[in-house]
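Source file: final-v5.cif (mmCIF, C-alpha atoms and all ligand atoms)
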```
data_start
loop_
_atom_site.label_atom_id
_atom_site.label_comp_id
_atom_site.auth_asym_id
_atom_site.auth_seq_id
_atom_site.Cartn_x
_atom_site.Cartn_y
_atom_site.Cartn_z
CA MET A 1 -16.18 16.15 -5.46
CA ARG A 2 -16.61 14.91 -1.88
CA VAL A 3 -14.25 11.97 -1.24
CA ALA A 4 -13.71 9.86 1.90
CA VAL A 5 -10.23 8.42 2.41
CA ILE A 6 -10.41 5.44 4.75
CA GLY A 7 -7.02 5.10 6.42
CA GLY A 8 -6.62 8.81 5.75
CA THR A 9 -4.20 9.17 8.68
CA GLY A 10 -1.82 6.45 7.42
CA THR A 11 1.46 6.55 5.48
CA LEU A 12 -0.22 6.50 2.07
CA GLY A 13 -3.67 7.76 3.08
CA SER A 14 -2.44 11.07 4.52
CA VAL A 15 -0.63 11.82 1.23
CA VAL A 16 -3.72 10.84 -0.77
CA VAL A 17 -5.76 13.28 1.34
CA ALA A 18 -3.29 16.09 0.51
CA ALA A 19 -3.21 15.17 -3.21
CA LEU A 20 -7.02 15.22 -3.48
CA GLN A 21 -7.29 18.49 -1.53
CA ALA A 22 -4.70 20.06 -3.87
CA ARG A 23 -7.06 19.23 -6.76
CA GLY A 24 -9.94 21.01 -5.06
CA HIS A 25 -11.84 17.99 -3.74
CA GLU A 26 -13.60 18.10 -0.38
CA VAL A 27 -11.88 15.29 1.50
CA ARG A 28 -12.91 13.37 4.62
CA PRO A 29 -9.85 11.67 6.18
CA ALA A 30 -11.28 8.74 8.13
CA SER A 31 -9.74 6.22 10.53
CA ARG A 32 -10.02 5.18 14.16
CA SER A 33 -7.73 8.05 15.21
CA SER A 34 -9.19 10.69 12.86
CA ALA A 35 -10.31 13.65 14.97
CA SER A 36 -12.75 14.89 12.32
CA HIS A 37 -14.04 11.58 10.83
CA PRO A 38 -13.65 8.63 13.23
CA VAL A 39 -14.57 5.23 11.75
CA ASN A 40 -13.77 1.64 12.63
CA LEU A 41 -13.81 -0.88 9.79
CA SER A 42 -13.72 -3.76 12.28
CA THR A 43 -17.11 -2.79 13.67
CA GLY A 44 -18.60 -0.47 11.05
CA ALA A 45 -18.83 2.39 13.58
CA GLY A 46 -18.98 5.85 11.99
CA LEU A 47 -19.12 4.65 8.38
CA ARG A 48 -22.61 5.87 7.52
CA GLU A 49 -21.94 9.39 8.88
CA VAL A 50 -18.61 9.69 7.06
CA LEU A 51 -19.75 8.24 3.71
CA ASP A 52 -23.02 10.12 3.51
CA GLY A 53 -22.84 12.50 0.53
CA CYS A 54 -19.50 11.16 -0.79
CA ALA A 55 -19.17 10.48 -4.52
CA ALA A 56 -16.00 8.39 -4.14
CA VAL A 57 -14.16 6.44 -1.47
CA VAL A 58 -10.45 5.58 -1.38
CA ASP A 59 -9.66 2.63 0.89
CA ALA A 60 -6.05 3.04 2.10
CA SER A 61 -6.61 1.26 5.40
CA ASN A 62 -4.38 -1.52 6.64
CA GLY A 63 -4.45 -4.35 9.14
CA PHE A 64 -1.49 -6.53 10.13
CA GLY A 65 -1.66 -9.94 11.71
CA SER A 66 -4.21 -12.51 10.66
CA LYS A 67 -7.01 -11.22 12.93
CA ALA A 68 -6.63 -7.56 11.91
CA ALA A 69 -6.20 -8.45 8.23
CA GLN A 70 -9.45 -10.43 8.32
CA ALA A 71 -11.34 -7.77 10.30
CA VAL A 72 -10.07 -4.67 8.46
CA LEU A 73 -9.13 -5.75 4.93
CA ILE A 74 -11.66 -8.50 4.21
CA ASP A 75 -14.68 -8.08 6.51
CA GLY A 76 -13.97 -4.32 6.71
CA SER A 77 -14.18 -4.05 2.90
CA ARG A 78 -17.53 -5.86 2.94
CA ARG A 79 -18.88 -3.48 5.61
CA LEU A 80 -17.53 -0.46 3.77
CA LEU A 81 -19.01 -1.50 0.40
CA GLU A 82 -22.38 -2.28 1.95
CA VAL A 83 -22.63 1.24 3.42
CA GLU A 84 -21.25 2.82 0.21
CA SER A 85 -23.95 1.04 -1.77
CA ALA A 86 -26.66 2.14 0.69
CA VAL A 87 -25.68 5.84 0.56
CA GLY A 88 -25.01 5.92 -3.21
CA VAL A 89 -21.19 6.17 -3.45
CA ALA A 90 -20.38 5.85 -7.17
CA HIS A 91 -16.70 4.80 -7.08
CA HIS A 92 -14.61 2.66 -4.72
CA VAL A 93 -10.82 2.86 -5.13
CA VAL A 94 -8.91 0.21 -3.20
CA VAL A 95 -5.15 0.01 -2.71
CA SER A 96 -3.41 -3.33 -3.09
CA ILE A 97 0.03 -4.73 -3.83
CA VAL A 98 1.76 -5.61 -7.12
CA GLY A 99 2.19 -9.39 -7.27
CA CYS A 100 0.20 -10.19 -4.11
CA ASP A 101 -1.53 -13.00 -6.02
CA LYS A 102 1.86 -14.54 -6.91
CA VAL A 103 3.14 -14.81 -3.34
CA GLN A 104 -0.07 -15.62 -1.51
CA ASN A 105 0.60 -19.34 -1.26
CA ALA A 106 4.13 -18.97 0.06
CA GLY A 107 4.48 -19.71 3.77
CA GLY A 108 4.50 -16.60 5.95
CA PHE A 109 2.60 -14.49 3.45
CA GLY A 110 -0.84 -14.61 5.06
CA TYR A 111 -1.04 -10.83 4.71
CA TYR A 112 -0.78 -11.13 0.93
CA ARG A 113 -3.49 -13.79 0.94
CA ALA A 114 -5.73 -11.33 2.80
CA LYS A 115 -4.99 -8.66 0.17
CA VAL A 116 -6.02 -11.08 -2.60
CA GLU A 117 -9.26 -11.80 -0.77
CA GLN A 118 -9.86 -8.08 -0.23
CA GLU A 119 -9.41 -7.52 -3.98
CA GLU A 120 -12.00 -10.24 -4.68
CA VAL A 121 -14.49 -8.65 -2.26
CA VAL A 122 -14.12 -5.38 -4.17
CA ARG A 123 -14.29 -6.93 -7.66
CA THR A 124 -17.46 -8.83 -6.82
CA GLY A 125 -18.94 -6.07 -4.65
CA PRO A 126 -21.88 -3.74 -5.30
CA VAL A 127 -19.91 -0.52 -6.05
CA PRO A 128 -18.09 0.34 -9.32
CA TRP A 129 -14.38 0.09 -8.57
CA THR A 130 -10.76 0.75 -9.47
CA LEU A 131 -8.00 -1.37 -7.98
CA VAL A 132 -4.63 0.37 -7.60
CA ARG A 133 -1.79 -2.06 -6.97
CA ALA A 134 1.47 -0.48 -5.79
CA THR A 135 4.94 -1.88 -5.17
CA GLN A 136 6.63 -1.53 -1.73
CA PHE A 137 6.81 2.02 -0.40
CA HIS A 138 10.23 3.60 0.29
CA ASP A 139 8.97 4.11 3.86
CA LEU A 140 8.55 0.34 4.30
CA LEU A 141 12.13 -0.44 3.27
CA ASP A 142 13.42 2.39 5.45
CA THR A 143 11.52 0.90 8.41
CA LEU A 144 12.86 -2.58 7.60
CA PHE A 145 16.51 -1.50 7.36
CA ALA A 146 16.26 0.83 10.39
CA GLY A 147 14.77 -1.98 12.49
CA ALA A 148 17.49 -4.43 11.41
CA ALA A 149 20.21 -1.81 12.03
CA LYS A 150 19.05 -1.52 15.64
CA VAL A 151 20.04 -5.14 16.17
CA GLY A 152 23.28 -4.66 14.24
CA ILE A 153 22.46 -6.29 10.91
CA ARG A 154 21.52 -5.51 7.31
CA PRO A 155 19.34 -8.14 5.63
CA SER A 156 20.88 -9.13 2.33
CA VAL A 157 18.55 -10.97 -0.03
CA GLU A 158 19.01 -11.49 -3.76
CA ALA A 159 15.36 -10.62 -4.39
CA PRO A 160 14.29 -7.89 -6.82
CA LEU A 161 12.06 -5.10 -5.55
CA GLN A 162 10.86 -1.86 -7.17
CA PRO A 163 10.15 0.58 -4.32
CA VAL A 164 7.97 3.60 -4.95
CA ASP A 165 7.32 6.98 -3.33
CA VAL A 166 3.89 7.28 -1.69
CA GLY A 167 3.59 10.69 -3.39
CA ASP A 168 3.72 8.97 -6.79
CA VAL A 169 1.12 6.40 -5.67
CA ALA A 170 -1.12 9.14 -4.24
CA HIS A 171 -0.93 11.01 -7.55
CA ALA A 172 -2.05 7.88 -9.44
CA ILE A 173 -4.90 7.35 -6.96
CA ALA A 174 -6.05 10.97 -7.36
CA ASP A 175 -5.99 10.45 -11.15
CA ALA A 176 -8.13 7.34 -10.68
CA VAL A 177 -10.63 9.28 -8.54
CA ASP A 178 -10.85 11.96 -11.24
CA SER A 179 -11.25 9.40 -14.08
CA GLY A 180 -14.09 7.44 -12.47
CA PRO A 181 -14.42 3.66 -12.05
CA LEU A 182 -12.29 1.62 -14.46
CA GLY A 183 -13.35 -1.85 -13.31
CA ARG A 184 -9.74 -2.99 -13.69
CA THR A 185 -6.37 -2.99 -11.98
CA LEU A 186 -3.81 -0.20 -12.36
CA ALA A 187 -0.22 -1.03 -11.42
CA VAL A 188 2.00 1.69 -9.94
CA ALA A 189 5.69 0.84 -9.55
CA GLY A 190 8.92 2.61 -8.72
CA PRO A 191 11.42 3.83 -11.34
CA GLN A 192 14.09 1.17 -10.65
CA VAL A 193 14.31 -2.52 -9.93
CA ALA A 194 17.06 -3.41 -7.44
CA SER A 195 17.76 -6.36 -5.18
CA LEU A 196 16.96 -6.06 -1.49
CA ARG A 197 20.71 -6.51 -0.96
CA ASP A 198 21.55 -3.45 -3.08
CA LEU A 199 18.72 -1.39 -1.57
CA GLY A 200 20.20 -2.19 1.86
CA ARG A 201 23.60 -0.97 0.72
CA THR A 202 22.00 2.24 -0.59
CA TRP A 203 20.28 2.70 2.79
CA SER A 204 23.58 2.17 4.68
CA VAL A 205 25.41 4.75 2.56
CA ALA A 206 22.60 7.32 2.85
CA THR A 207 22.21 6.96 6.62
CA GLY A 208 25.85 6.33 7.49
CA ARG A 209 24.72 3.28 9.47
CA ARG A 210 26.85 0.42 8.22
CA ARG A 211 25.83 -2.96 9.57
CA LEU A 212 26.80 -6.60 9.20
CA PRO A 213 25.17 -7.95 6.01
CA VAL A 214 23.26 -11.12 6.84
CA ARG A 215 22.56 -13.20 3.77
CA VAL A 216 19.03 -14.61 3.65
CA PRO A 217 18.51 -17.12 0.85
CA ALA A 218 15.57 -16.41 -1.48
CA TRP A 219 13.98 -19.82 -1.15
CA GLY A 220 11.14 -21.26 0.91
CA PRO A 221 8.72 -18.40 1.67
CA LEU A 222 10.92 -15.99 -0.32
CA ARG A 223 11.14 -18.14 -3.47
CA GLU A 224 8.50 -16.22 -5.47
CA VAL A 225 9.84 -12.87 -4.25
CA GLY A 226 13.33 -13.97 -5.34
CA ALA A 227 11.90 -14.83 -8.75
CA GLY A 228 10.55 -11.28 -9.16
CA ALA A 229 6.91 -11.69 -8.08
CA LEU A 230 6.76 -8.20 -6.55
CA VAL A 231 8.10 -6.21 -9.52
CA ASP A 232 6.34 -5.00 -12.65
CA ASP A 233 8.48 -4.28 -15.73
CA ASP A 234 5.63 -2.59 -17.53
CA PRO A 235 3.43 -0.81 -14.96
CA ASP A 236 0.56 1.51 -15.90
CA VAL A 237 2.24 4.26 -13.88
CA ARG A 238 5.96 4.52 -13.19
CA GLY A 239 6.96 6.63 -10.18
CA MET A 240 9.71 9.22 -10.49
CA THR A 241 11.47 9.14 -7.12
CA THR A 242 14.27 6.60 -6.63
CA PHE A 243 15.02 5.07 -3.22
CA ALA A 244 18.36 6.93 -3.17
CA SER A 245 16.76 10.33 -3.80
CA TRP A 246 13.99 9.63 -1.28
CA LEU A 247 16.63 8.73 1.33
CA LYS A 248 18.59 11.87 0.51
CA ALA A 249 15.54 14.02 1.25
CA ARG A 250 14.58 11.97 4.32
CA TYR A 251 18.02 12.03 5.94
CA ALA A 252 19.22 15.44 4.75
N1 LIG B 1 3.39 -0.19 2.91
C1 LIG B 1 3.68 -0.59 1.68
O1 LIG B 1 4.84 -0.73 1.28
C2 LIG B 1 2.54 -0.87 0.71
C3 LIG B 1 2.85 -1.23 -0.62
C4 LIG B 1 1.80 -1.46 -1.52
C5 LIG B 1 0.48 -1.34 -1.09
N2 LIG B 1 0.23 -1.02 0.21
C6 LIG B 1 -1.17 -0.91 0.64
O2 LIG B 1 -1.45 0.45 0.93
C7 LIG B 1 -2.47 0.54 1.93
C8 LIG B 1 -2.04 1.49 3.03
O3 LIG B 1 -0.81 1.07 3.58
P1 LIG B 1 0.01 2.01 4.58
O4 LIG B 1 1.39 1.45 4.63
O5 LIG B 1 -0.20 3.44 4.22
O6 LIG B 1 -0.74 1.67 5.96
P2 LIG B 1 -0.57 2.40 7.38
O7 LIG B 1 0.46 3.46 7.36
O8 LIG B 1 -0.42 1.28 8.37
O9 LIG B 1 -1.99 3.10 7.60
C9 LIG B 1 -3.12 2.34 7.85
C10 LIG B 1 -4.32 3.26 8.03
O10 LIG B 1 -5.48 2.42 8.28
C11 LIG B 1 -6.13 2.93 9.45
N3 LIG B 1 -6.81 1.81 10.12
C12 LIG B 1 -6.26 0.72 10.69
N4 LIG B 1 -7.20 -0.06 11.24
C13 LIG B 1 -8.40 0.57 10.99
C14 LIG B 1 -9.75 0.27 11.33
N5 LIG B 1 -10.09 -0.82 12.04
N6 LIG B 1 -10.72 1.10 10.90
C15 LIG B 1 -10.40 2.23 10.19
N7 LIG B 1 -9.14 2.56 9.85
C16 LIG B 1 -8.15 1.74 10.26
C17 LIG B 1 -5.01 3.54 10.29
O11 LIG B 1 -5.46 4.52 11.21
P3 LIG B 1 -5.93 4.15 12.71
O12 LIG B 1 -4.90 3.20 13.26
O13 LIG B 1 -5.99 5.47 13.40
O14 LIG B 1 -7.27 3.52 12.58
C18 LIG B 1 -4.20 4.22 9.21
O15 LIG B 1 -4.78 5.46 8.85
C19 LIG B 1 -2.71 -0.92 2.39
O16 LIG B 1 -3.83 -1.41 1.67
C20 LIG B 1 -1.47 -1.67 1.92
O17 LIG B 1 -1.71 -3.03 1.65
C21 LIG B 1 1.21 -0.77 1.12
#
```
Target format C-alpha cells, applied to this file:
Amino acid sequence: MRVAVIGGTGTLGSVVVAALQARGHEVRPASRSSASHPVNLSTGAGLREVLDGCAAVVDASNGFGSKAAQAVLIDGSRRLLEVESAVGVAHHVVVSIVGCDKVQNAGGFGYYRAKVEQEEVVRTGPVPWTLVRATQFHDLLDTLFAGAAKVGIRPSVEAPLQPVDVGDVAHAIADAVDSGPLGRTLAVAGPQVASLRDLGRTWSVATGRRRLPVRVPAWGPLREVGAGALVDDDPDVRGMTTFASWLKARYA
C-alpha cells in the first residue's frame, strides 16, 4: 500500500516510516525538511503531489507554541483532510496524546487544547480515521531531564507518567494502517507507571549525571497530571520497553 507519513522526519514519524517500510509498504516521508517529499501544513504547499495515489496517511506532525499549534495541528489537519478527500485517500491515522482532554483546561496546557481540537477536526472530517493516542515518549523525558541537568537541577514532581518507546507506538500505528479505519481511539501506553520524580532518579543513575532535586508541587497547572490524567491503566496496546532499558540502550 502507498502511505504518506506527514512529519515523517520527526522523532515518531521517522520510526513509523521504517516500520511501514519493513512491512512492504511504499512510504512517502513528508515534512518541510523532507528531501524527497517536501510539504508544509501551514500553507498546504506540496500536499497534493505527495498525497496523490496514497491509500493511507499517517499524521505524525507537530507544532509547538500557540501559533504553530494552530497552523500545523488544527488548520494543518483541515488542509490535509481536504486534499486527502479530493485525491481519494481512504484512511487518515492521526497521533494524539493519552489524557489530552483531561488536562486541556489547566493553565499552561494550550498545546493539549490544540491536540483536542485537532482530534475533533479529524473525527468530524471527510476521511475515515483512526486516532492513536500515546503516552509521553522516552525521548521527551530524556530531553526534559537533560535540559534540566544543564542548569544543575532534576525536576522532582509526584506526578504519575507512563512513558513509551516510539518503536512500540510506531508498531501500533503500522497495525492501524494495516487494519483500516476504526473510527475510534486506540491508546498506546508504556509498560510501567512511575512518578516523574522516580523517572528522574532513573535518568540520573543511567546517565551518571546526579543533580539537585527540585521539588515542584503537583497543583495549579499540574493538578490533573498529578492526579494521573496522562496515564492509562488499561491501554489497547502496552509497550514493552521500560524507561530504564531505553536509557541503557541510549547511553550504553
Ligand atoms: N513527544 C511525545 O512525547 C509525544 C507523546 C504522545 C503523542 N505525541 C504526538 O506525536 C506526534 C509527533 O510528535 P514528535 O515528538 O515525533 O514530533 P517531532 O519530533 O517534533 O516531529 C515533528 C514532525 O513534524 C514536521 N513538521 C513540523 N511542522 C511542519 C509543517 N508546517 N508542515 C509539515 N511538517 C511539519 C517536522 O519536520 P519539519 O520541521 O522538517 O517540517 C517533523 O517531521 C505529535 O502529534 C505529538 O502530539 C508526542
- Query: Which chains and residue numbers are within 8 Å of ligand LIG 1 (chain B), counting all atoms listed in the file, if I want them as JSON, numbers by chain?
  - Reply: {"A": [6, 7, 8, 9, 10, 11, 12, 13, 14, 30, 31, 32, 33, 34, 38, 39, 40, 41, 42, 43, 59, 60, 61, 62, 63, 68, 71, 72, 73, 76, 94, 95, 96, 97, 98, 115, 133, 134, 135, 136, 137, 138, 139, 140, 141, 163]}
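Near A:Leu51, within a cut-off of 10 Å and counting all atoms listed in the file, sit the residues Arg2, Val3, Ala4, Val5, Ile6, Arg28, Ala30, His37, Gly46, Leu47, Ala55, Ala56, Val57, Leu80, Val83, Glu84, Ser85, Ala86, Val87, Gly88 and Val89 of chain A, with same-chain residues fewer than 4 positions away left out.
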May I have the centre and edge lengths, in Å to one decimal, of an axis-aligned box around the listed atoms of stretch 14-17 of chain A with 4 Å added to every side, as lines of an AutoDock Vina configuration file?
```
center_x = -3.2
center_y = 12.1
center_z = 1.9
size_x = 13.1
size_y = 10.4
size_z = 13.3
```
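One finds atom CA of A:Ala22 at 14.8 Å from atom CA of A:Ala176.
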- Skip A:Leu186 itself and residues of its chain fewer than 6 positions away, then list as a PyMOL selection string all residues within 8 Å of it, counting only C-alpha atoms. chain A and resi 130-133+235-237
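Counting from atom CA of A:Val15, the distance to atom CA of A:Asp175 is 13.6 Å.
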Atom completion result for stretch 84-106 of chain A (N, CA and C atoms) as an mmCIF file, in the frame of the given file:
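Output below, filename out_14.cif:
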```cif
data_model
loop_
_atom_site.group_PDB
_atom_site.id
_atom_site.type_symbol
_atom_site.label_atom_id
_atom_site.label_comp_id
_atom_site.auth_asym_id
_atom_site.auth_seq_id
_atom_site.Cartn_x
_atom_site.Cartn_y
_atom_site.Cartn_z
ATOM 1 N N GLU A 84 -21.413 2.003 1.436
ATOM 2 C CA GLU A 84 -21.250 2.820 0.210
ATOM 3 C C GLU A 84 -22.451 2.613 -0.717
ATOM 4 N N SER A 85 -22.832 1.350 -0.887
ATOM 5 C CA SER A 85 -23.950 1.040 -1.770
ATOM 6 C C SER A 85 -25.243 1.671 -1.246
ATOM 7 N N ALA A 86 -25.430 1.606 0.083
ATOM 8 C CA ALA A 86 -26.660 2.140 0.690
ATOM 9 C C ALA A 86 -26.752 3.660 0.549
ATOM 10 N N VAL A 87 -25.613 4.363 0.613
ATOM 11 C CA VAL A 87 -25.680 5.840 0.560
ATOM 12 C C VAL A 87 -25.394 6.381 -0.847
ATOM 13 N N GLY A 88 -25.144 5.490 -1.814
ATOM 14 C CA GLY A 88 -25.010 5.920 -3.210
ATOM 15 C C GLY A 88 -23.625 6.383 -3.631
ATOM 16 N N VAL A 89 -22.560 5.866 -2.987
ATOM 17 C CA VAL A 89 -21.190 6.170 -3.450
ATOM 18 C C VAL A 89 -21.011 5.540 -4.841
ATOM 19 N N ALA A 90 -20.432 6.307 -5.778
ATOM 20 C CA ALA A 90 -20.380 5.850 -7.170
ATOM 21 C C ALA A 90 -19.048 5.182 -7.546
ATOM 22 N N HIS A 91 -18.029 5.320 -6.696
ATOM 23 C CA HIS A 91 -16.700 4.800 -7.080
ATOM 24 C C HIS A 91 -15.911 4.402 -5.838
ATOM 25 N N HIS A 92 -15.440 3.159 -5.830
ATOM 26 C CA HIS A 92 -14.610 2.660 -4.720
ATOM 27 C C HIS A 92 -13.213 2.389 -5.273
ATOM 28 N N VAL A 93 -12.216 3.077 -4.710
ATOM 29 C CA VAL A 93 -10.820 2.860 -5.130
ATOM 30 C C VAL A 93 -10.109 2.145 -3.986
ATOM 31 N N VAL A 94 -9.588 0.961 -4.265
ATOM 32 C CA VAL A 94 -8.910 0.210 -3.200
ATOM 33 C C VAL A 94 -7.430 0.057 -3.550
ATOM 34 N N VAL A 95 -6.599 0.112 -2.506
ATOM 35 C CA VAL A 95 -5.150 0.010 -2.710
ATOM 36 C C VAL A 95 -4.704 -1.414 -2.406
ATOM 37 N N SER A 96 -3.945 -1.994 -3.329
ATOM 38 C CA SER A 96 -3.410 -3.330 -3.090
ATOM 39 C C SER A 96 -1.938 -3.381 -3.494
ATOM 40 N N ILE A 97 -1.416 -4.569 -3.682
ATOM 41 C CA ILE A 97 0.030 -4.730 -3.830
ATOM 42 C C ILE A 97 0.363 -5.479 -5.122
ATOM 43 N N VAL A 98 1.283 -4.939 -5.899
ATOM 44 C CA VAL A 98 1.760 -5.610 -7.120
ATOM 45 C C VAL A 98 2.231 -7.014 -6.751
ATOM 46 N N GLY A 99 1.706 -8.012 -7.439
ATOM 47 C CA GLY A 99 2.190 -9.390 -7.270
ATOM 48 C C GLY A 99 1.649 -10.114 -6.052
ATOM 49 N N CYS A 100 0.674 -9.511 -5.335
ATOM 50 C CA CYS A 100 0.200 -10.190 -4.110
ATOM 51 C C CYS A 100 -0.381 -11.563 -4.436
ATOM 52 N N ASP A 101 -0.953 -11.711 -5.632
ATOM 53 C CA ASP A 101 -1.530 -13.000 -6.020
ATOM 54 C C ASP A 101 -0.432 -14.045 -6.283
ATOM 55 N N LYS A 102 0.790 -13.583 -6.585
ATOM 56 C CA LYS A 102 1.860 -14.540 -6.910
ATOM 57 C C LYS A 102 2.558 -15.073 -5.660
ATOM 58 N N VAL A 103 2.442 -14.359 -4.551
ATOM 59 C CA VAL A 103 3.140 -14.810 -3.340
ATOM 60 C C VAL A 103 2.186 -15.323 -2.270
ATOM 61 N N GLN A 104 0.893 -15.337 -2.571
ATOM 62 C CA GLN A 104 -0.070 -15.620 -1.510
ATOM 63 C C GLN A 104 0.043 -17.038 -0.956
ATOM 64 N N ASN A 105 0.548 -17.964 -1.756
ATOM 65 C CA ASN A 105 0.600 -19.340 -1.260
ATOM 66 C C ASN A 105 1.913 -19.664 -0.551
ATOM 67 N N ALA A 106 2.856 -18.721 -0.621
ATOM 68 C CA ALA A 106 4.130 -18.970 0.060
ATOM 69 C C ALA A 106 3.921 -18.870 1.574
#
```
